[in-house]
$ cat my_file.txt   # compact mmCIF, C-alpha atoms
# COMPACT_ATOMS: atom_id res chain seq x y z
CA ARG L 210 0.64 -67.99 -25.74
CA ARG L 211 1.58 -68.59 -29.36
CA VAL L 212 -0.58 -70.74 -31.60
CA THR L 213 0.56 -71.84 -35.08
CA ILE L 214 -1.82 -72.96 -37.79
CA ASN L 215 -0.32 -75.54 -40.16
CA ASP L 216 -2.67 -75.54 -43.10
CA THR L 217 -1.32 -76.20 -46.55
CA LYS L 218 -4.60 -75.54 -48.31
CA PRO L 219 -4.99 -72.02 -49.72
CA LEU L 220 -7.80 -69.94 -48.27
CA SER L 221 -10.48 -68.45 -50.46
CA SER L 222 -9.96 -64.76 -51.17
CA THR L 223 -13.65 -64.14 -50.56
CA LEU L 224 -13.30 -65.28 -46.96
CA LEU L 225 -10.00 -63.68 -46.01
CA PRO L 226 -7.98 -61.01 -47.87
CA GLN L 227 -4.67 -62.52 -46.79
CA ARG L 228 -3.48 -65.83 -45.42
CA VAL L 229 -3.01 -65.93 -41.64
CA LYS L 230 -0.45 -68.41 -40.36
CA THR L 231 0.18 -67.19 -36.82
CA PHE L 232 -1.77 -65.21 -34.27
CA TYR L 233 -1.12 -64.29 -30.64
CA MET L 234 -3.49 -64.59 -27.70
CA ASP L 235 -2.91 -62.83 -24.39
CA PRO L 236 -3.67 -65.43 -21.67
CA ARG L 237 -4.35 -62.70 -19.10
CA ILE L 238 -7.48 -61.61 -20.91
CA ASP L 239 -10.39 -63.96 -20.53
CA MET L 240 -12.38 -63.56 -23.73
CA LEU L 241 -15.73 -65.24 -23.22
CA THR L 242 -17.63 -66.43 -26.29
CA ARG L 243 -21.13 -67.84 -26.61
CA ARG L 244 -22.12 -68.99 -30.10
CA ASP L 245 -21.43 -66.02 -32.37
CA THR L 246 -21.58 -63.24 -29.78
CA VAL L 247 -18.64 -61.79 -27.86
CA ILE L 248 -18.74 -59.77 -24.66
CA ILE L 249 -15.66 -57.59 -24.44
CA PRO L 250 -13.88 -58.37 -21.14
CA ASN L 251 -14.04 -55.85 -18.33
CA VAL L 252 -10.38 -54.81 -18.46
CA PRO L 253 -9.43 -51.89 -16.17
CA THR L 254 -8.37 -48.90 -18.24
CA LYS L 255 -7.94 -45.22 -17.58
CA SER L 256 -11.10 -44.52 -19.50
CA ALA L 257 -13.84 -46.65 -21.01
CA ARG L 258 -13.80 -44.48 -24.10
CA ALA L 259 -10.18 -45.48 -24.86
CA ARG L 260 -11.39 -47.99 -27.44
CA SER L 261 -11.91 -46.37 -30.84
CA MET L 262 -15.42 -46.44 -32.27
CA ILE L 263 -16.57 -46.42 -35.86
CA GLY L 264 -19.76 -44.79 -37.11
CA GLY L 265 -22.32 -42.87 -35.16
CA THR L 266 -23.59 -39.30 -35.49
CA PRO L 267 -21.98 -36.41 -33.57
CA ILE L 268 -24.38 -34.64 -31.27
CA THR L 269 -25.59 -31.24 -32.37
CA LYS L 270 -25.71 -28.16 -30.20
CA GLU L 271 -29.52 -28.10 -30.31
CA THR L 272 -29.76 -31.68 -29.06
CA ALA L 273 -27.22 -31.01 -26.30
CA ILE L 274 -29.20 -27.98 -25.10
CA ALA L 275 -32.44 -29.99 -25.08
CA LEU L 276 -30.81 -32.80 -23.08
CA ARG L 277 -29.37 -30.41 -20.50
CA LYS L 278 -32.73 -28.68 -20.07
CA ILE L 279 -34.85 -31.81 -19.67
CA THR L 280 -32.44 -33.39 -17.16
CA LEU L 281 -31.18 -30.44 -15.10
CA GLY L 282 -33.42 -27.60 -16.27
CA SER L 283 -30.57 -25.39 -17.46
CA THR L 284 -27.61 -25.28 -19.82
CA ILE L 285 -25.57 -23.52 -17.13
CA HIS L 286 -25.60 -26.18 -14.43
CA SER L 287 -24.04 -29.59 -14.88
CA PHE L 288 -24.09 -32.98 -13.19
CA SER L 289 -22.58 -33.33 -9.74
CA ARG L 290 -19.50 -35.40 -8.96
CA ASP L 291 -21.68 -38.21 -7.59
CA TRP L 292 -23.57 -38.61 -10.86
CA ARG L 293 -20.34 -38.46 -12.87
CA LYS L 294 -18.85 -41.30 -10.80
CA ALA L 295 -22.01 -43.41 -11.01
CA ALA L 296 -21.75 -46.50 -13.22
CA LEU L 297 -23.06 -50.06 -13.41
CA ILE L 298 -20.36 -51.67 -11.27
CA PHE L 299 -20.89 -55.17 -9.89
CA GLN L 300 -20.23 -56.25 -6.33
CA ASP L 301 -17.24 -58.50 -5.81
CA GLU L 302 -17.84 -62.14 -6.74
CA SER L 303 -16.59 -63.27 -3.32
CA THR L 304 -19.54 -61.62 -1.53
CA LYS L 305 -22.89 -63.34 -0.95
CA TYR L 306 -24.56 -61.07 -3.53
CA PRO L 307 -22.42 -61.28 -6.70
CA PHE L 308 -25.57 -60.51 -8.71
CA GLY L 309 -25.75 -56.98 -7.27
CA LEU L 310 -24.73 -53.58 -8.58
CA GLN L 311 -23.02 -51.10 -6.29
CA THR L 312 -24.99 -48.02 -5.20
CA HIS L 313 -24.31 -45.00 -3.01
CA ARG L 314 -26.51 -42.60 -1.09
CA ASN L 315 -26.96 -40.15 -3.94
CA GLY L 316 -29.39 -39.33 -6.72
CA ALA L 317 -28.18 -42.08 -9.06
CA ARG L 318 -29.13 -44.83 -6.60
CA ALA L 319 -32.70 -45.25 -7.89
CA PHE L 320 -31.42 -45.15 -11.46
CA ILE L 321 -28.99 -48.02 -10.82
CA LEU L 322 -31.58 -50.06 -8.92
CA CYS L 323 -33.92 -49.92 -11.92
CA PHE L 324 -31.22 -51.59 -14.00
CA GLN L 325 -30.68 -53.99 -11.10
CA GLY L 326 -34.34 -55.01 -11.32
CA TYR L 327 -34.14 -55.84 -15.03
CA LEU L 328 -30.80 -57.57 -14.48
CA LEU L 329 -32.42 -59.84 -11.87
CA LYS L 330 -35.31 -60.51 -14.23
CA HIS L 331 -32.92 -61.94 -16.81
CA LEU L 332 -30.85 -63.83 -14.23
CA LEU L 333 -33.85 -65.43 -12.54
CA PHE L 334 -36.33 -65.86 -15.37
CA GLY L 335 -34.36 -65.37 -18.59
CA ARG L 336 -33.57 -69.04 -19.16
CA GLN L 337 -35.55 -70.83 -21.85
CA TYR L 338 -35.74 -74.00 -19.77
CA ALA L 339 -35.70 -72.93 -16.13
CA SER L 340 -35.57 -75.50 -13.35
CA SER L 341 -35.85 -75.05 -9.60
CA LEU L 342 -32.13 -75.79 -9.19
CA ALA L 343 -31.16 -73.25 -11.88
CA THR L 344 -33.38 -70.63 -10.26
CA ARG L 345 -31.81 -71.18 -6.84
CA ASN L 346 -28.32 -70.88 -8.29
CA ALA L 347 -29.21 -67.79 -10.34
CA LEU L 348 -28.21 -65.53 -7.44
CA LYS L 349 -24.65 -66.89 -7.67
CA PRO L 350 -23.84 -66.16 -11.31
CA SER L 351 -20.46 -66.29 -12.97
CA ASP L 352 -18.93 -63.10 -14.33
CA PHE L 353 -20.05 -63.99 -17.84
CA GLU L 354 -23.62 -64.72 -16.74
CA ARG L 355 -24.09 -61.50 -14.82
CA ARG L 356 -22.55 -59.33 -17.55
CA LYS L 357 -24.72 -61.05 -20.15
CA ALA L 358 -27.77 -60.30 -17.99
CA LEU L 359 -26.62 -56.68 -17.66
CA CYS L 360 -26.42 -56.40 -21.47
CA SER L 361 -29.96 -57.75 -21.75
CA ALA L 362 -31.19 -55.31 -19.08
CA ILE L 363 -29.71 -52.30 -20.90
CA CYS L 364 -31.14 -53.42 -24.23
CA GLU L 365 -34.62 -54.08 -22.81
CA ILE L 366 -34.88 -50.68 -21.10
CA LEU L 367 -33.72 -48.84 -24.23
CA TRP L 368 -35.91 -50.86 -26.59
CA GLN L 369 -38.92 -50.42 -24.31
CA ALA L 370 -38.42 -46.65 -24.25
CA GLY L 371 -38.31 -46.67 -28.07
CA CYS L 372 -41.75 -48.34 -28.34
CA GLN L 373 -40.20 -51.69 -29.31
CA SER L 374 -39.27 -50.32 -32.74
CA ARG L 375 -36.11 -48.23 -32.39
CA CYS L 376 -33.71 -46.73 -29.85
CA SER L 377 -30.63 -44.55 -29.45
CA LEU L 378 -27.40 -45.19 -27.59
CA CYS L 379 -24.89 -42.53 -26.51
CA LEU L 380 -21.15 -43.12 -26.18
CA LEU L 381 -18.50 -40.60 -25.21
CA GLN L 382 -15.65 -39.52 -27.45
CA ASP L 383 -12.48 -37.65 -26.49
CA SER L 384 -13.30 -34.25 -28.02
CA ALA L 385 -16.23 -31.87 -28.33
CA PHE L 386 -18.27 -31.84 -31.53
CA PHE L 387 -19.24 -28.14 -31.53
CA ASP L 388 -18.07 -24.79 -30.22
CA THR L 389 -19.79 -23.30 -27.19
CA ASP L 390 -21.04 -19.77 -26.65
CA TYR L 391 -23.14 -17.86 -24.12
CA THR L 392 -26.19 -20.09 -24.71
CA TYR L 393 -24.38 -23.24 -23.65
CA ARG L 394 -21.78 -23.74 -20.95
CA LYS L 395 -19.36 -26.58 -21.62
CA ASP L 396 -19.59 -29.46 -19.12
CA GLY L 397 -17.01 -31.80 -20.63
CA LEU L 398 -19.63 -34.43 -21.26
CA THR L 399 -22.74 -33.60 -23.27
CA GLU L 400 -20.89 -31.95 -26.16
CA MET L 401 -18.68 -35.07 -26.55
CA ILE L 402 -21.47 -37.59 -27.22
CA ASN L 403 -21.69 -39.73 -30.31
CA LEU L 404 -25.19 -41.02 -31.15
CA TYR L 405 -25.96 -44.49 -32.51
CA GLU L 406 -29.41 -45.35 -33.87
CA PHE L 407 -30.80 -48.88 -33.99
CA LYS L 408 -33.92 -50.22 -35.70
CA LYS L 409 -33.24 -53.91 -35.02
CA TYR L 410 -32.98 -55.40 -31.55
CA VAL L 411 -30.29 -57.87 -32.68
CA ASP L 412 -28.03 -55.02 -33.79
CA LEU L 413 -28.54 -53.21 -30.49
CA GLU L 414 -27.74 -56.33 -28.49
CA MET L 415 -24.52 -56.96 -30.42
CA PHE L 416 -23.41 -53.33 -30.08
CA VAL L 417 -24.06 -53.21 -26.31
CA LYS L 418 -22.13 -56.45 -25.78
CA ARG L 419 -19.12 -55.02 -27.59
CA HIS L 420 -19.21 -51.70 -25.72
CA LEU L 421 -20.42 -52.76 -22.29
CA SER L 422 -17.23 -51.51 -20.63
CA HIS L 423 -18.31 -47.93 -21.41
CA PHE L 424 -20.87 -48.25 -18.60
CA GLU L 425 -18.91 -50.34 -16.08
CA HIS L 426 -16.10 -48.05 -14.92
CA GLU L 427 -16.24 -45.32 -12.31
CA ASN L 428 -14.70 -42.72 -14.65
CA SER L 429 -16.86 -43.57 -17.65
CA ASN L 430 -19.93 -41.40 -16.83
CA GLY L 431 -21.86 -44.57 -17.53
CA CYS L 432 -25.13 -43.63 -15.81
CA ILE L 433 -25.25 -40.20 -17.49
CA THR L 434 -24.76 -41.61 -20.98
CA LEU L 435 -27.43 -44.25 -20.28
CA LEU L 436 -29.79 -41.53 -19.04
CA TYR L 437 -29.25 -39.56 -22.25
CA SER L 438 -29.74 -42.74 -24.27
CA ILE L 439 -33.10 -43.47 -22.65
CA ILE L 440 -34.29 -39.88 -23.17
CA LEU L 441 -33.33 -39.90 -26.86
CA SER L 442 -34.86 -43.35 -27.31
CA ARG L 443 -38.20 -42.10 -26.02
CA THR L 444 -37.60 -38.67 -27.69
CA ILE L 445 -38.08 -35.41 -25.82
CA PRO L 446 -41.46 -34.47 -27.41
CA LYS L 447 -42.94 -37.84 -26.37
CA ILE L 448 -41.64 -37.39 -22.83
CA TYR L 449 -43.48 -34.07 -22.55
CA GLU L 450 -46.57 -35.76 -23.96
CA ASP L 451 -46.30 -38.62 -21.44
CA MET L 452 -45.99 -36.14 -18.59
CA GLY L 453 -49.07 -34.25 -19.74
CA ILE L 454 -47.20 -30.96 -19.98
CA HIS L 455 -49.27 -28.31 -21.73
CA GLU L 456 -47.55 -25.11 -20.56
CA ASN L 457 -43.93 -24.10 -19.88
CA PRO L 458 -42.21 -27.40 -20.84
CA ASP L 459 -38.81 -25.79 -20.21
CA LYS L 460 -39.54 -25.77 -16.46
CA VAL L 461 -40.01 -29.55 -16.35
CA ARG L 462 -37.03 -31.80 -15.66
CA LEU L 463 -36.29 -35.42 -14.85
CA LEU L 464 -33.93 -34.74 -11.93
CA ALA L 465 -34.97 -32.86 -8.81
CA ASP L 466 -32.95 -30.13 -7.09
CA ASN L 467 -30.99 -32.74 -5.13
CA GLU L 468 -30.55 -34.73 -8.38
CA ASP L 469 -32.90 -37.51 -7.28
CA CYS L 470 -35.00 -39.22 -9.94
CA VAL L 471 -38.51 -37.77 -10.21
CA PRO L 472 -41.52 -40.12 -10.69
CA ALA L 473 -41.55 -39.45 -14.44
CA LEU L 474 -38.01 -40.80 -14.82
CA ILE L 475 -38.79 -43.83 -12.63
CA ASN L 476 -41.82 -44.66 -14.78
CA LEU L 477 -39.76 -44.16 -17.93
CA LEU L 478 -37.24 -46.72 -16.68
CA LEU L 479 -39.83 -49.21 -15.43
CA THR L 480 -42.50 -48.93 -18.11
CA GLY L 481 -41.03 -47.00 -21.06
CA ARG L 482 -43.46 -44.08 -20.57
CA ALA L 483 -42.61 -40.95 -18.58
CA THR L 484 -45.88 -40.50 -16.70
CA GLN L 485 -45.72 -38.32 -13.59
CA TYR L 486 -47.97 -40.49 -11.42
CA TYR L 487 -48.10 -44.09 -10.22
CA HIS L 488 -51.88 -44.64 -10.40
CA ASN L 489 -53.77 -46.59 -13.07
CA GLY L 490 -55.36 -44.83 -16.05
CA ASN L 491 -56.25 -41.15 -16.22
CA ILE L 492 -57.82 -39.22 -13.33
CA ILE L 493 -60.24 -36.56 -14.57
CA TYR L 494 -61.90 -35.56 -11.25
CA ASP L 495 -60.40 -34.29 -8.02
CA LYS L 496 -61.23 -35.73 -4.59
CA ASP L 497 -64.23 -33.38 -4.31
CA GLY L 498 -65.69 -34.55 -7.60
CA HIS L 499 -64.80 -31.46 -9.62
CA LEU L 500 -63.58 -31.80 -13.20
CA LEU L 501 -59.85 -31.19 -13.55
CA PRO L 502 -58.65 -28.75 -16.23
CA HIS L 503 -56.32 -31.47 -17.54
CA PRO L 504 -56.44 -35.22 -16.80
CA LEU L 505 -53.71 -36.69 -14.62
CA PRO L 506 -52.13 -39.42 -16.79
CA GLY L 507 -51.26 -42.74 -15.19
CA LEU L 508 -50.19 -46.24 -16.21
CA LYS L 509 -52.19 -48.15 -18.81
CA GLU L 510 -50.61 -51.62 -18.69
CA ARG L 511 -48.71 -53.90 -16.32
CA SER L 512 -45.04 -53.08 -16.04
CA GLN L 513 -42.22 -55.58 -16.27
CA ILE L 514 -40.81 -54.40 -12.92
CA GLY L 515 -43.12 -53.07 -10.21
CA MET L 516 -42.89 -50.48 -7.47
CA LEU L 517 -44.03 -50.10 -3.84
CA PHE L 518 -44.13 -46.80 -1.96
CA PHE L 519 -44.48 -45.66 1.64
CA ASP L 520 -43.77 -42.32 3.33
CA LYS L 521 -44.47 -41.89 7.03
CA ASN L 522 -44.87 -38.12 6.63
CA GLU L 523 -47.92 -38.45 4.40
CA ASP L 524 -51.42 -38.19 5.85
CA ASP L 525 -53.59 -41.26 5.60
CA ASP L 526 -56.12 -39.40 3.45
CA GLU L 527 -53.52 -38.04 1.03
CA ARG L 528 -51.12 -40.91 0.50
CA THR L 529 -49.44 -41.41 -2.86
CA GLU L 530 -51.53 -43.86 -4.85
CA VAL L 531 -49.69 -46.75 -6.49
CA GLY L 532 -51.90 -48.66 -8.91
CA SER L 533 -52.13 -52.38 -9.55
CA MET L 534 -50.13 -51.95 -12.79
CA LEU L 535 -47.06 -51.37 -10.59
CA LYS L 536 -48.10 -53.43 -7.56
CA THR L 537 -48.62 -56.55 -9.68
CA PRO L 538 -45.91 -56.50 -12.37
CA LYS L 539 -45.15 -59.26 -14.84
CA SER L 540 -42.06 -60.28 -12.86
CA PRO L 541 -41.96 -60.56 -9.02
CA ILE L 542 -39.52 -57.65 -8.65
CA TRP L 543 -40.41 -54.35 -7.00
CA LEU L 544 -38.48 -51.10 -6.71
CA THR L 545 -39.25 -49.67 -3.26
CA LEU L 546 -39.21 -46.12 -1.93
CA VAL L 547 -39.53 -46.14 1.87
CA ASN L 548 -39.14 -42.79 3.63
CA ASN L 549 -36.96 -41.52 0.75
CA GLN L 550 -34.76 -44.65 0.86
CA TRP L 551 -34.57 -46.70 -2.32
CA GLY L 552 -34.33 -50.48 -2.37
CA LEU L 553 -35.37 -53.57 -4.30
CA LEU L 554 -37.66 -56.44 -3.28
CA PHE L 555 -37.68 -59.58 -5.40
CA SER L 556 -38.64 -63.25 -5.36
CA ASN L 557 -37.21 -66.19 -7.30
CA ASN L 558 -40.70 -67.69 -7.72
CA HIS L 559 -42.27 -66.35 -10.90
CA ASP L 560 -45.72 -67.69 -9.93
CA LEU L 561 -45.93 -65.10 -7.14
CA VAL L 562 -47.49 -62.59 -9.56
CA SER L 563 -49.72 -65.05 -11.39
CA ASP L 564 -51.01 -67.59 -8.83
CA TRP L 565 -52.78 -66.34 -5.69
CA ARG L 566 -52.11 -69.62 -3.86
CA VAL L 567 -48.36 -68.89 -3.86
CA GLU L 568 -49.05 -65.69 -1.90
CA HIS L 569 -50.03 -67.62 1.23
CA HIS L 570 -46.42 -68.11 2.31
CA PHE L 571 -43.37 -66.94 0.38
CA THR L 572 -39.91 -65.40 0.67
CA LEU L 573 -38.74 -61.98 -0.50
CA TYR L 574 -35.17 -60.73 -0.86
CA TYR L 575 -34.40 -57.10 -0.07
CA TYR L 576 -31.36 -55.50 -1.74
CA THR L 577 -30.02 -51.94 -1.47
CA GLY L 578 -26.55 -52.09 -3.06
CA LEU L 579 -25.02 -50.12 -0.18
CA LEU L 580 -21.89 -51.20 1.69
CA GLN L 581 -23.93 -51.60 4.88
CA ASN L 582 -27.38 -53.18 5.20
CA THR L 583 -27.09 -54.49 1.68
CA TYR L 584 -29.10 -57.67 1.59
CA THR L 585 -31.59 -59.60 3.72
CA VAL L 586 -34.21 -62.34 3.39
CA ILE L 587 -37.78 -61.76 4.58
CA ASN L 588 -40.55 -64.34 5.03
CA ILE L 589 -44.13 -63.26 4.32
CA ASP L 590 -47.15 -65.14 5.65
CA THR L 591 -50.66 -64.04 4.62
CA ARG L 592 -52.57 -67.06 5.98
CA TYR L 593 -53.17 -65.43 9.34
CA ASN L 594 -53.77 -61.71 9.06
CA ARG L 595 -52.09 -59.43 11.55
CA ARG L 596 -54.63 -58.22 14.10
CA PHE L 597 -54.44 -55.16 16.31
CA ARG L 598 -55.82 -55.62 19.82
CA VAL L 599 -56.93 -52.03 20.13
CA LYS L 600 -60.35 -50.49 19.81
CA THR L 601 -59.74 -46.80 19.14
CA ALA L 602 -58.32 -45.23 15.98
CA VAL L 603 -55.66 -43.34 17.97
CA ALA L 604 -54.41 -46.51 19.66
CA ARG L 605 -54.42 -48.32 16.32
CA LYS L 606 -52.30 -45.57 14.77
CA ILE L 607 -49.80 -45.83 17.63
CA GLU L 608 -49.55 -49.58 17.07
CA GLU L 609 -49.02 -49.08 13.34
CA GLU L 610 -46.21 -46.60 13.95
CA LYS L 611 -44.30 -49.31 15.81
CA ILE L 612 -44.15 -51.40 12.62
CA PRO L 613 -40.85 -50.97 10.69
CA PRO L 614 -41.26 -48.77 7.58
CA LEU L 615 -40.33 -51.53 5.11
CA GLU L 616 -43.01 -53.76 6.63
CA ARG L 617 -45.58 -51.00 6.21
CA CYS L 618 -44.50 -50.70 2.59
CA ILE L 619 -44.99 -54.44 2.12
CA LEU L 620 -48.42 -54.18 3.76
CA THR L 621 -49.54 -51.80 0.98
CA LYS L 622 -49.34 -54.85 -1.31
CA TRP L 623 -50.18 -57.70 1.11
CA TYR L 624 -52.41 -56.09 3.72
CA GLY L 625 -52.40 -57.78 7.12
CA ALA L 626 -49.47 -60.08 6.33
CA ASN L 627 -47.02 -61.22 8.99
CA VAL L 628 -43.41 -60.30 8.20
CA ASP L 629 -40.48 -62.28 9.61
CA TRP L 630 -36.99 -60.73 9.30
CA ASN L 631 -35.25 -64.05 10.10
CA GLY L 632 -33.48 -62.70 13.16
CA VAL L 633 -32.15 -59.56 11.46
CA HIS L 634 -32.87 -56.24 13.17
CA PRO L 635 -35.16 -54.20 10.86
CA PHE L 636 -32.91 -51.55 9.34
CA VAL L 637 -35.50 -49.90 7.07
$ encode --input "my_file.txt" --output "structure tokens"
Amino acid sequence: RRVTINDTKPLSSTLLPQRVKTFYMDPRIDMLTRRDTVIIPNVPTKSARARSMIGGTPITKETAIALRKITLGSTIHSFSRDWRKAALIFQDESTKYPFGLQTHRNGARAFILCFQGYLLKHLLFGRQYASSLATRNALKPSDFERRKALCSAICEILWQAGCQSRCSLCLLQDSAFFDTDYTYRKDGLTEMINLYEFKKYVDLEMFVKRHLSHFEHENSNGCITLLYSIILSRTIPKIYEDMGIHENPDKVRLLADNEDCVPALINLLLTGRATQYYHNGNIIYDKDGHLLPHPLPGLKERSQIGMLFFDKNEDDDERTEVGSMLKTPKSPIWLTLVNNQWGLLFSNNHDLVSDWRVEHHFTLYYYTGLLQNTYTVINIDTRYNRRFRVKTAVARKIEEEKIPPLERCILTKWYGANVDWNGVHPFV
């Protein structure tokens, strides 16, 4: 489409170096503009790094070594193919969950679901004037709305990790910035990172909106660059301090042997602090009352996004403790880990975490991001507590084992509640 401007008045040289009479607009590209911000359209390209970037600081060899050690524990090993393919890719708009990000059964699944939680927070509760109709329609966003919410989710996680004062963002370039030797094995990724520092949230938000496509394509290594960005935003020394590491910090890493996210990384994503445990405060005594050599650091304030945990293989006396800081977050969204399966529970009623009367009867949505068993709606009723008609502890345990694992995870938050799957066979 060709548009001609017929303006006989000369333009001021301070506004434009030369007069523009004609410009061309490609109608195939839908450029979406809101006020004075622009989100670059998600145009399929061979690589998200194809667009040239200005500025930034090339990564140094020392920083690359530190990043490889804190993530994988070694400068020899590199990320698997599953992590390299992982990115923040939306489900198709024609499905019944266009708000969702795609996940796979690999280590990056929990990482993506954390961003999904913050994305839902901005979709459901990010409006300045929210109405009941707008909240109900928030789960059917347009492409612009969901990508705008994704930008806000990325910015909030990075800014939170940087103590609300600064953050770093990593983008990939096409060539390495330093030569490798025996101390560092080239992985075609870490040595090609360009670092961008931000001290104002507005600048970060504008930059992410203009480079969002670097995290949306399968071949962009989007999750890895975001992982590096979060680590550098928190800084590696602070991560070791959060984890309470006093000896052998080189043996500590944020990804397990199977490349799953360890609790420290989950807490870093949810709260901005890389604590190794889910309990509240610091534990200074063991279960026998003896003083521990070093306190076990926990969470000190309510998180934006919560977490619920259940593992059937744990003994009742030694179950993983999840504190109220995670069980009662500021937004009714919970990351769930049920028998090593990650998912996301959320509600579109913000009063669920602030008004106890809403907890009598409410609805939760469960989302996994997988191709199968992706999404379901669950009704929770706490007015009539579930009762077991057994008298012995052994019989009671047998009855409890018949309860689906996701229900038992929900019961750790709302004990005795009745859970209705709305006719869907419990798949978790």
$ atom_distance --input "my_file.txt" --atom1 "CA of His423 (chain L)" --atom2 "CA of Arg293 (chain L)"
12.9 Å
$ residues_around --input "my_file.txt" --residues "Ser289 (chain L)" --least-positions-apart "4" --cutoff "10 Å" --atoms "all atoms listed in the file" --output "list in words"
Arg293, Lys294, Asn315, Gly316, Asn467 and Glu468 of chain L
$ atom_distance --input "my_file.txt" --atom1 "CA of Asp451 (chain L)" --atom2 "CA of Phe407 (chain L)"
22.4 Å
$ atom_distance --input "my_file.txt" --atom1 "CA of Tyr487 (chain L)" --atom2 "CA of Ile279 (chain L)"
20.4 Å
$ residues_near_point --input "my_file.txt" --point "(-19.1, -37.7, -30.6)" --cutoff "9 Å" --atoms "only C-alpha atoms" --output "number ranges by chain"
L: 265-268, 379-386, 400-404
$ residues_around --input "my_file.txt" --residues "region 602-615 of chain L" --least-positions-apart "6" --cutoff "8 Å" --atoms "all atoms listed in the file" --output "list in words"
Phe519, Lys521, Val547, Asn548, Pro635 and Val637 of chain L
$ closest_residue --input "my_file.txt" --among "L:Trp623, L:Phe387, L:Phe353, L:Trp551" --to "Ala319 (chain L)" --atoms "all atoms listed in the file"
L:Trp551
$ residues_around --input "my_file.txt" --residues "region 391-395 of chain L" --least-positions-apart "3" --cutoff "7 Å" --atoms "all atoms listed in the file" --output "list of chain:residue names"
L:Ile274, L:Thr284, L:Ile285
$ residues_around --input "my_file.txt" --residues "Lys460 (chain L)" --least-positions-apart "4" --cutoff "10 Å" --atoms "all atoms listed in the file" --output "ChimeraX atom specification"
/L:278-279,281-283,454,456
$ write_last_selection --input "my_file.txt" --atoms "C-alpha atoms" --output "PDB file, keeping the file's coordinate frame"
ATOM      1  CA  LYS L 278     -32.730 -28.680 -20.070  1.00  0.00           C
ATOM      2  CA  ILE L 279     -34.850 -31.810 -19.670  1.00  0.00           C
ATOM      3  CA  LEU L 281     -31.180 -30.440 -15.100  1.00  0.00           C
ATOM      4  CA  GLY L 282     -33.420 -27.600 -16.270  1.00  0.00           C
ATOM      5  CA  SER L 283     -30.570 -25.390 -17.460  1.00  0.00           C
ATOM      6  CA  ILE L 454     -47.200 -30.960 -19.980  1.00  0.00           C
ATOM      7  CA  GLU L 456     -47.550 -25.110 -20.560  1.00  0.00           C
TER       8      GLU L 456
END
$ closest_residue --input "my_file.txt" --among "L:Pro472, L:Phe555, L:Thr537, L:Ala273" --to "Leu328 (chain L)" --atoms "all atoms listed in the file"
L:Phe555
$ residues_around --input "my_file.txt" --residues "region 495-510 of chain L" --least-positions-apart "4" --cutoff "7 Å" --atoms "all atoms listed in the file" --output "list in words"
Gly453, Thr484, Tyr486, Tyr487, His488, Asn489, Gly490, Asn491 and Met534 of chain L
$ residues_near_point --input "my_file.txt" --point "(-29.3, -55.2, 4.9)" --cutoff "12 Å" --atoms "all atoms listed in the file" --output "ChimeraX atom specification"
/L:305-306,552-554,574-587,615,630-637
$ write_last_selection --input "my_file.txt" --atoms "C-alpha atoms" --output "tab-separated table (two decimals), keeping the file's coordinate frame"
chain	number	residue	atom	x	y	z
L	305	LYS	CA	-22.89	-63.34	-0.95
L	306	TYR	CA	-24.56	-61.07	-3.53
L	552	GLY	CA	-34.33	-50.48	-2.37
L	553	LEU	CA	-35.37	-53.57	-4.30
L	554	LEU	CA	-37.66	-56.44	-3.28
L	574	TYR	CA	-35.17	-60.73	-0.86
L	575	TYR	CA	-34.40	-57.10	-0.07
L	576	TYR	CA	-31.36	-55.50	-1.74
L	577	THR	CA	-30.02	-51.94	-1.47
L	578	GLY	CA	-26.55	-52.09	-3.06
L	579	LEU	CA	-25.02	-50.12	-0.18
L	580	LEU	CA	-21.89	-51.20	1.69
L	581	GLN	CA	-23.93	-51.60	4.88
L	582	ASN	CA	-27.38	-53.18	5.20
L	583	THR	CA	-27.09	-54.49	1.68
L	584	TYR	CA	-29.10	-57.67	1.59
L	585	THR	CA	-31.59	-59.60	3.72
L	586	VAL	CA	-34.21	-62.34	3.39
L	587	ILE	CA	-37.78	-61.76	4.58
L	615	LEU	CA	-40.33	-51.53	5.11
L	630	TRP	CA	-36.99	-60.73	9.30
L	631	ASN	CA	-35.25	-64.05	10.10
L	632	GLY	CA	-33.48	-62.70	13.16
L	633	VAL	CA	-32.15	-59.56	11.46
L	634	HIS	CA	-32.87	-56.24	13.17
L	635	PRO	CA	-35.16	-54.20	10.86
L	636	PHE	CA	-32.91	-51.55	9.34
L	637	VAL	CA	-35.50	-49.90	7.07
$ closest_residue --input "my_file.txt" --among "L:Leu297, L:Leu477, L:Leu378, L:Leu322" --to "Leu359 (chain L)" --atoms "only C-alpha atoms"
L:Leu297
$ axis_aligned_box --input "my_file.txt" --around "region 277-287 of chain L" --padding-each-side "4 Å" --output "lines of an AutoDock Vina configuration file"
center_x = -29.4
center_y = -28.5
center_z = -17.5
size_x = 18.8
size_y = 17.9
size_z = 14.1
$ closest_residue --input "my_file.txt" --among "L:Gln300, L:Thr545, L:Asn522, L:Ser533" --to "Glu425 (chain L)" --atoms "all atoms listed in the file"
L:Gln300
$ closest_residue --input "my_file.txt" --among "L:Ile542, L:Leu535, L:Cys323, L:Leu398" --to "Ser429 (chain L)" --atoms "only C-alpha atoms"
L:Leu398
